[in-house]
file run-v4.cif (mmCIF, C-alpha atoms)
data_entry
#
loop_
_atom_site.label_atom_id
_atom_site.label_comp_id
_atom_site.auth_asym_id
_atom_site.auth_seq_id
_atom_site.Cartn_x
_atom_site.Cartn_y
_atom_site.Cartn_z
CA MET A 8 0.00 0.00 0.00
CA PRO A 9 1.23 3.54 -0.71
CA GLY A 10 2.52 5.45 2.28
CA THR A 11 1.34 8.70 3.78
CA LEU A 12 2.46 12.27 3.16
CA TYR A 13 2.00 14.49 6.21
CA VAL A 14 1.90 18.25 5.54
CA VAL A 15 3.21 19.57 8.85
CA ALA A 16 3.02 23.17 10.06
CA THR A 17 6.08 24.25 12.05
CA PRO A 18 6.83 27.37 14.17
CA ILE A 19 7.24 30.71 12.41
CA GLY A 20 9.73 31.75 15.06
CA ASN A 21 9.22 30.57 18.63
CA LEU A 22 10.21 26.90 18.80
CA GLU A 23 7.55 26.26 21.44
CA ASP A 24 4.80 27.01 18.92
CA VAL A 25 4.53 23.45 17.62
CA THR A 26 1.73 21.00 18.29
CA LEU A 27 2.17 17.73 20.15
CA ARG A 28 0.79 15.95 17.11
CA ALA A 29 3.36 17.57 14.82
CA LEU A 30 6.20 16.45 17.09
CA ARG A 31 4.86 12.88 17.14
CA ILE A 32 4.56 12.79 13.34
CA LEU A 33 8.08 14.16 12.88
CA ARG A 34 9.39 11.39 15.14
CA GLU A 35 7.43 8.58 13.48
CA VAL A 36 7.86 9.24 9.75
CA ASP A 37 10.61 7.63 7.67
CA LEU A 38 11.79 10.93 6.17
CA ILE A 39 11.29 14.68 6.53
CA ALA A 40 11.31 16.78 3.33
CA ALA A 41 12.38 20.27 4.44
CA GLU A 42 12.62 23.58 2.62
CA ASP A 43 15.78 24.42 4.60
CA THR A 44 17.41 21.43 6.30
CA ARG A 45 19.49 23.68 8.58
CA ARG A 46 16.48 25.48 10.01
CA THR A 47 14.50 22.26 10.35
CA ARG A 48 17.35 20.55 12.21
CA ILE A 49 17.32 23.38 14.77
CA LEU A 50 13.68 22.52 15.52
CA LEU A 51 14.35 18.78 15.54
CA THR A 52 17.38 19.09 17.82
CA HIS A 53 15.44 21.33 20.21
CA HIS A 54 12.83 18.59 20.59
CA GLY A 55 15.19 15.60 20.48
CA ILE A 56 14.08 14.24 17.10
CA SER A 57 16.57 12.33 14.92
CA THR A 58 14.48 11.50 11.83
CA PRO A 59 16.44 11.72 8.53
CA VAL A 60 15.98 14.98 6.60
CA THR A 61 16.22 15.75 2.89
CA SER A 62 16.05 19.15 1.20
CA TYR A 63 12.98 20.18 -0.78
CA TYR A 64 13.01 23.83 -1.82
CA ASP A 65 11.70 25.95 -4.70
CA ALA A 66 14.57 25.44 -7.13
CA VAL A 67 14.48 21.63 -6.88
CA GLU A 68 10.79 21.05 -6.17
CA ARG A 69 9.83 19.79 -9.64
CA GLU A 70 12.92 17.56 -9.81
CA ARG A 71 12.66 15.99 -6.36
CA ALA A 72 8.90 15.58 -6.08
CA PRO A 73 8.84 12.41 -8.28
CA ARG A 74 11.61 10.83 -6.17
CA LEU A 75 9.69 11.44 -2.99
CA VAL A 76 6.48 10.19 -4.57
CA ALA A 77 8.33 7.00 -5.50
CA GLN A 78 9.20 6.49 -1.85
CA LEU A 79 5.57 7.07 -0.89
CA THR A 80 4.52 4.51 -3.49
CA ALA A 81 6.94 2.05 -1.90
CA GLY A 82 5.12 2.47 1.40
CA LYS A 83 7.31 5.06 3.10
CA SER A 84 5.87 7.86 5.22
CA ILE A 85 7.13 11.42 4.66
CA ALA A 86 6.59 14.69 6.51
CA LEU A 87 6.70 17.86 4.43
CA VAL A 88 7.78 21.02 6.28
CA SER A 89 8.73 24.52 5.17
CA ASP A 90 11.11 27.05 6.71
CA ALA A 91 8.31 28.28 8.90
CA GLY A 92 4.54 28.00 9.09
CA THR A 93 2.33 25.89 6.84
CA PRO A 94 3.80 24.30 3.68
CA ALA A 95 2.40 25.14 0.23
CA ILE A 96 1.31 28.66 1.32
CA ALA A 97 3.88 30.83 -0.47
CA ASP A 98 6.24 27.90 0.13
CA PRO A 99 7.12 24.67 -1.70
CA GLY A 100 4.64 21.82 -1.51
CA TYR A 101 2.18 21.88 -4.39
CA HIS A 102 4.04 19.50 -6.70
CA LEU A 103 4.68 16.94 -3.97
CA VAL A 104 1.10 17.00 -2.70
CA ARG A 105 -0.27 16.77 -6.25
CA GLY A 106 2.07 13.90 -7.12
CA ALA A 107 1.25 12.04 -3.92
CA LEU A 108 -2.48 12.25 -4.60
CA GLU A 109 -2.06 11.08 -8.18
CA ALA A 110 0.00 8.12 -6.96
CA GLY A 111 -2.75 7.07 -4.57
CA ALA A 112 -0.91 8.04 -1.40
CA THR A 113 -2.78 9.47 1.56
CA VAL A 114 -2.16 13.17 2.24
CA VAL A 115 -2.77 14.25 5.85
CA PRO A 116 -2.66 17.89 6.98
CA VAL A 117 -1.14 18.54 10.40
CA PRO A 118 -2.25 22.13 11.09
CA GLY A 119 -0.48 24.68 13.22
CA PRO A 120 1.35 28.02 12.94
CA SER A 121 0.86 30.40 10.03
CA SER A 122 2.09 33.97 9.70
CA VAL A 123 -1.16 34.86 7.93
CA THR A 124 -3.49 33.85 10.75
CA THR A 125 -1.03 35.19 13.33
CA VAL A 126 -1.16 38.76 12.00
CA LEU A 127 -4.91 38.57 11.41
CA SER A 128 -5.56 37.57 15.01
CA ALA A 129 -3.74 40.57 16.51
CA ALA A 130 -4.41 43.20 13.84
CA GLY A 131 -7.49 44.88 15.23
CA LEU A 132 -8.80 45.39 11.68
CA PRO A 133 -11.99 43.95 10.16
CA ALA A 134 -10.75 40.78 8.50
CA GLU A 135 -13.59 38.27 8.65
CA ARG A 136 -12.97 37.95 4.93
CA PHE A 137 -9.51 38.35 3.45
CA CYS A 138 -7.53 37.60 0.32
CA PHE A 139 -3.97 36.31 0.48
CA GLU A 140 -1.73 37.70 -2.26
CA GLY A 141 1.62 36.52 -0.91
CA PHE A 142 4.68 38.21 -2.38
CA LEU A 143 3.99 40.92 -4.95
CA PRO A 144 6.40 41.47 -7.88
CA SER A 145 9.66 43.08 -6.81
CA LYS A 146 9.83 45.35 -9.87
CA ALA A 147 8.13 48.68 -9.28
CA ALA A 148 5.98 48.78 -12.42
CA ALA A 149 4.62 45.25 -12.01
CA ARG A 150 4.01 45.82 -8.31
CA ALA A 151 2.10 49.06 -9.02
CA ARG A 152 -0.11 47.27 -11.56
CA LYS A 153 -0.91 44.52 -9.09
CA LEU A 154 -1.79 46.98 -6.32
CA ALA A 155 -3.96 49.01 -8.69
CA ALA A 156 -5.86 45.82 -9.52
CA LEU A 157 -6.52 45.35 -5.79
CA ALA A 158 -7.92 48.87 -5.28
CA ASP A 159 -11.56 47.68 -5.46
CA GLU A 160 -10.99 44.61 -3.25
CA GLU A 161 -13.47 44.71 -0.37
CA ARG A 162 -11.76 41.98 1.61
CA ALA A 163 -8.71 42.66 3.75
CA ILE A 164 -5.49 42.11 1.80
CA VAL A 165 -2.62 40.04 3.22
CA LEU A 166 0.85 40.40 1.69
CA LEU A 167 4.26 38.95 2.45
CA GLU A 168 7.48 40.90 1.99
CA ALA A 169 11.16 40.90 2.85
CA GLY A 170 12.07 43.58 5.37
CA ARG A 171 14.49 45.32 3.02
CA ARG A 172 11.68 45.91 0.50
CA LEU A 173 8.99 46.91 3.00
CA GLY A 174 9.40 50.66 2.51
CA ALA A 175 8.97 50.39 -1.27
CA LEU A 176 5.91 48.17 -0.84
CA LEU A 177 4.23 50.55 1.62
CA GLU A 178 4.91 53.56 -0.57
CA ALA A 179 3.50 51.79 -3.62
CA ALA A 180 0.46 50.66 -1.62
CA ALA A 181 -0.14 54.21 -0.35
CA ILE A 182 -0.06 55.51 -3.90
CA ALA A 183 -2.43 52.84 -5.22
CA LEU A 184 -4.78 52.44 -2.25
CA GLY A 185 -4.64 55.74 -0.38
CA SER A 186 -4.82 56.28 3.38
CA ARG A 187 -6.17 52.88 4.33
CA HIS A 188 -5.43 51.43 7.72
CA ALA A 189 -2.80 48.71 7.74
CA VAL A 190 -0.84 46.51 10.10
CA VAL A 191 2.75 45.35 9.63
CA GLY A 192 3.91 42.29 11.55
CA ARG A 193 7.69 41.87 11.65
CA GLU A 194 9.53 38.84 13.03
CA LEU A 195 6.28 37.49 14.48
CA THR A 196 6.68 35.26 17.59
CA LYS A 197 10.45 35.91 17.60
CA ARG A 198 12.52 37.82 20.12
CA HIS A 199 12.34 41.08 18.17
CA GLU A 200 8.66 40.82 17.24
CA GLU A 201 7.14 44.15 16.24
CA ILE A 202 3.59 45.03 15.17
CA MET A 203 3.16 48.46 13.59
CA ARG A 204 -0.27 49.99 13.03
CA GLY A 205 -1.36 53.11 11.13
CA ASP A 206 -2.47 54.29 7.72
CA LEU A 207 -0.36 53.42 4.71
CA PRO A 208 1.27 56.86 4.20
CA ALA A 209 2.21 57.06 7.89
CA LEU A 210 3.65 53.55 7.92
CA ALA A 211 5.60 54.26 4.73
CA ALA A 212 7.06 57.42 6.28
CA ARG A 213 7.90 55.57 9.52
CA VAL A 214 9.79 52.83 7.71
CA ARG A 215 11.61 55.33 5.51
CA ALA A 216 12.61 57.44 8.52
CA GLY A 217 13.97 54.36 10.26
CA GLY A 218 16.07 53.36 7.27
CA GLY A 219 14.06 50.21 6.62
CA VAL A 220 13.59 47.08 8.70
CA ARG A 221 15.11 43.64 8.99
CA GLY A 222 13.47 40.26 9.07
CA GLU A 223 10.34 38.74 7.59
CA VAL A 224 7.21 40.82 7.24
CA VAL A 225 3.47 40.26 6.90
CA VAL A 226 1.30 43.21 5.83
CA LEU A 227 -2.47 43.42 6.36
CA ILE A 228 -4.32 46.21 4.53
CA GLN A 229 -7.94 47.12 5.16
CA GLY A 230 -10.23 46.42 2.21
CA ARG A 231 -12.40 49.01 0.48
CA ALA A 232 -15.64 49.64 2.36
CA ARG A 233 -18.40 47.48 0.89
CA GLY A 234 -20.82 49.31 -1.37
CA VAL A 235 -18.76 52.49 -1.32
CA GLN A 236 -17.19 53.65 -4.54
CA PRO A 237 -13.57 54.76 -4.12
CA VAL A 238 -13.84 58.53 -3.76
CA ILE A 239 -10.51 60.20 -3.14
CA ALA A 240 -10.31 63.31 -1.00
CA GLU A 241 -7.99 66.16 -1.95
CA ARG A 242 -5.81 65.52 1.12
CA ASP A 243 -5.59 61.82 0.27
CA LEU A 244 -4.66 62.64 -3.31
CA ASP A 245 -1.96 65.04 -2.13
CA ASP A 246 -0.52 62.42 0.22
CA ARG A 247 -0.33 59.89 -2.59
CA LEU A 248 1.27 62.43 -4.91
CA ARG A 249 3.89 63.29 -2.26
CA ILE A 250 4.81 59.64 -1.92
CA ALA A 251 5.04 59.20 -5.70
CA LEU A 252 7.21 62.30 -6.11
CA ARG A 253 9.42 61.32 -3.16
CA ALA A 254 9.91 57.94 -4.81
CA GLY A 255 11.46 59.71 -7.81
CA ARG A 256 8.53 59.94 -10.23
CA SER A 257 8.19 63.10 -12.29
CA VAL A 258 5.17 65.37 -11.92
CA ARG A 259 3.89 64.16 -15.28
CA ASP A 260 4.33 60.46 -14.47
CA ALA A 261 2.90 60.77 -10.96
CA SER A 262 -0.18 62.66 -12.14
CA ALA A 263 -0.75 60.22 -15.02
CA GLN A 264 -0.54 57.23 -12.67
CA LEU A 265 -2.88 58.72 -10.05
CA ALA A 266 -5.35 59.86 -12.68
CA GLY A 267 -5.49 56.33 -14.06
CA GLU A 268 -5.89 54.75 -10.63
CA THR A 269 -8.47 57.19 -9.24
CA GLY A 270 -10.49 58.01 -12.33
CA LEU A 271 -10.01 61.73 -11.68
CA PRO A 272 -9.43 64.08 -14.64
CA ARG A 273 -5.78 64.07 -15.58
CA ARG A 274 -5.65 67.87 -15.79
CA LEU A 275 -6.96 68.18 -12.21
CA VAL A 276 -4.43 65.68 -10.86
CA TYR A 277 -1.62 67.39 -12.79
CA ARG A 278 -2.47 70.74 -11.16
CA ARG A 279 -2.44 69.13 -7.72
CA ALA A 280 0.90 67.46 -8.52
CA LEU A 281 2.41 70.84 -9.50
CA ALA A 282 1.18 72.32 -6.22
CA VAL A 283 2.58 69.43 -4.16
CA ALA A 284 5.91 69.60 -6.02
CA GLY A 285 6.07 73.33 -5.31
CA GLU A 286 5.83 72.74 -1.55
CA SER A 287 9.41 71.49 -1.43
CA SER A 288 10.90 73.89 -3.96
#

call {"tool": "encode", "arguments": {"input": "run-v4.cif", "output": "structure tokens"}}
result
Amino acid sequence: MPGTLYVVATPIGNLEDVTLRALRILREVDLIAAEDTRRTRILLTHHGISTPVTSYYDAVERERAPRLVAQLTAGKSIALVSDAGTPAIADPGYHLVRGALEAGATVVPVPGPSSVTTVLSAAGLPAERFCFEGFLPSKAAARARKLAALADEERAIVLLEAGRRLGALLEAAAIALGSRHAVVGRELTKRHEEIMRGDLPALAARVRAGGGVRGEVVVLIQGRARGVQPVIAERDLDDRLRIALRAGRSVRDASAQLAGETGLPRRLVYRRALAVAGESS
């Protein structure tokens, strides 16, 4: 009979945030497929687990999935873990789970920590419904297009980002989405955990003033109010123009972008952009 693939959630930081069931599974399986064997061995050593570990990360996922499926077909049991949190959510896992199911193996979820649910639980924002977008494109133009496409999203928006790119993300989000409330969770459950709250322009300014942040980041942005068309106030427009100009865009480019995203007449936005640019001249 084919074996079993266990999809095991592991701590996102604090090594105590692991379930008793997850520890038992990690002890009992024949093999652990880990996104980063070094990080997984820290967890295993902490809990006295000596199960063999093999690497299974993005660059080798397609290549190694068939080999692991072959072991499942031979009756072996395998635990799939990621660096942190729940596998297959912005982490490797899809190809192995899909292959295991196609081979007739049993796939068992072992739930536990997730950075997404962690930030949602402590955010203090309405997030009964949310959409998870993961990592946005790192290139500015592609990221701006993606954020503009999310402007009408009524659900809360959850994003992942590297700390070094957080400032650029917040500035782009402020330009595309305006002064929405947001929460930034940095290094969640770790020693230097930090949760920042505020509107997007304020958070962008705070990160810029601090010279950026380190660590892993989860961003939660309030969705557009249901049934309310996005109407942009003059102050909100000015804030978004300031951010765009500070990011190096010309008056022409900034006004063209904001006109496209807000639906306001381009001539009106251009006049506001000239006024905002004149504030610092």

call {"tool": "atom_distance", "arguments": {"input": "run-v4.cif", "atom1": "CA of Ala155 in chain A", "atom2": "CA of Arg136 in chain A"}}
result
19.7 Å

call {"tool": "resolve_selection", "arguments": {"input": "run-v4.cif", "expression": "the PyMOL selection byres ((chain A and resi 90-102) around 8)", "output": "PDB file with C-alpha atoms, in the frame of the given file"}}
result
ATOM      1  CA  VAL A  14       1.900  18.250   5.540  1.00  0.00           C
ATOM      2  CA  VAL A  15       3.210  19.570   8.850  1.00  0.00           C
ATOM      3  CA  ALA A  16       3.020  23.170  10.060  1.00  0.00           C
ATOM      4  CA  THR A  17       6.080  24.250  12.050  1.00  0.00           C
ATOM      5  CA  PRO A  18       6.830  27.370  14.170  1.00  0.00           C
ATOM      6  CA  ILE A  19       7.240  30.710  12.410  1.00  0.00           C
ATOM      7  CA  GLY A  20       9.730  31.750  15.060  1.00  0.00           C
ATOM      8  CA  ALA A  41      12.380  20.270   4.440  1.00  0.00           C
ATOM      9  CA  GLU A  42      12.620  23.580   2.620  1.00  0.00           C
ATOM     10  CA  ASP A  43      15.780  24.420   4.600  1.00  0.00           C
ATOM     11  CA  ARG A  46      16.480  25.480  10.010  1.00  0.00           C
ATOM     12  CA  THR A  47      14.500  22.260  10.350  1.00  0.00           C
ATOM     13  CA  TYR A  63      12.980  20.180  -0.780  1.00  0.00           C
ATOM     14  CA  TYR A  64      13.010  23.830  -1.820  1.00  0.00           C
ATOM     15  CA  ASP A  65      11.700  25.950  -4.700  1.00  0.00           C
ATOM     16  CA  GLU A  68      10.790  21.050  -6.170  1.00  0.00           C
ATOM     17  CA  ARG A  69       9.830  19.790  -9.640  1.00  0.00           C
ATOM     18  CA  ALA A  72       8.900  15.580  -6.080  1.00  0.00           C
ATOM     19  CA  LEU A  87       6.700  17.860   4.430  1.00  0.00           C
ATOM     20  CA  VAL A  88       7.780  21.020   6.280  1.00  0.00           C
ATOM     21  CA  SER A  89       8.730  24.520   5.170  1.00  0.00           C
ATOM     22  CA  LEU A 103       4.680  16.940  -3.970  1.00  0.00           C
ATOM     23  CA  VAL A 104       1.100  17.000  -2.700  1.00  0.00           C
ATOM     24  CA  ARG A 105      -0.270  16.770  -6.250  1.00  0.00           C
ATOM     25  CA  GLY A 106       2.070  13.900  -7.120  1.00  0.00           C
ATOM     26  CA  PRO A 118      -2.250  22.130  11.090  1.00  0.00           C
ATOM     27  CA  GLY A 119      -0.480  24.680  13.220  1.00  0.00           C
ATOM     28  CA  PRO A 120       1.350  28.020  12.940  1.00  0.00           C
ATOM     29  CA  SER A 121       0.860  30.400  10.030  1.00  0.00           C
ATOM     30  CA  SER A 122       2.090  33.970   9.700  1.00  0.00           C
ATOM     31  CA  GLY A 141       1.620  36.520  -0.910  1.00  0.00           C
ATOM     32  CA  PHE A 142       4.680  38.210  -2.380  1.00  0.00           C
TER      33      PHE A 142
END

call {"tool": "closest_residue", "arguments": {"input": "run-v4.cif", "among": "A:Leu132, A:Leu176, A:Val283, A:Ala251", "to": "Lys153 in chain A", "atoms": "all atoms listed in the file"}}
result
A:Leu176

call {"tool": "atom_distance", "arguments": {"input": "run-v4.cif", "atom1": "CA of Gly219 in chain A", "atom2": "CA of Gly170 in chain A"}}
result
7.0 Å

call {"tool": "resolve_selection", "arguments": {"input": "run-v4.cif", "expression": "the PyMOL selection byres ((chain A and resi 77) around 12)", "output": "JSON, numbers by chain"}}
result
{"A": [9, 10, 11, 12, 71, 72, 73, 74, 75, 76, 78, 79, 80, 81, 82, 83, 84, 85, 103, 106, 107, 109, 110, 111, 112]}

call {"tool": "closest_residue", "arguments": {"input": "run-v4.cif", "among": "A:Leu248, A:Val165, A:Val67, A:Ala86", "to": "Val114 in chain A", "atoms": "all atoms listed in the file"}}
result
A:Ala86

call {"tool": "closest_residue", "arguments": {"input": "run-v4.cif", "among": "A:Glu161, A:Glu168, A:Glu135, A:Glu194", "to": "Asn21 in chain A", "atoms": "only C-alpha atoms"}}
result
A:Glu194

call {"tool": "residues_around", "arguments": {"input": "run-v4.cif", "residues": "Val190 in chain A", "least_positions_apart": "5", "cutoff": "10 Å", "atoms": "only C-alpha atoms", "output": "VMD selection string"}}
result
chain A and resid 126 to 127 129 to 132 165 202 to 207 210 225 to 229

call {"tool": "resolve_selection", "arguments": {"input": "run-v4.cif", "expression": "the PyMOL selection byres ((chain A and resi 185) around 8)", "output": "list in words"}}
result
Ala180, Ala181, Ile182, Ala183, Leu184, Ser186, Arg187, Leu207, Pro208, Ile239, Asp243, Leu244, Asp246 and Arg247 of chain A

call {"tool": "closest_residue", "arguments": {"input": "run-v4.cif", "among": "A:Ala148, A:Ala163, A:Leu33, A:Ala134", "to": "Arg48 in chain A", "atoms": "all atoms listed in the file"}}
result
A:Leu33

call {"tool": "closest_residue", "arguments": {"input": "run-v4.cif", "among": "A:Ile56, A:Ser128, A:Ile39, A:Met8", "to": "Thr113 in chain A", "atoms": "only C-alpha atoms"}}
result
A:Met8
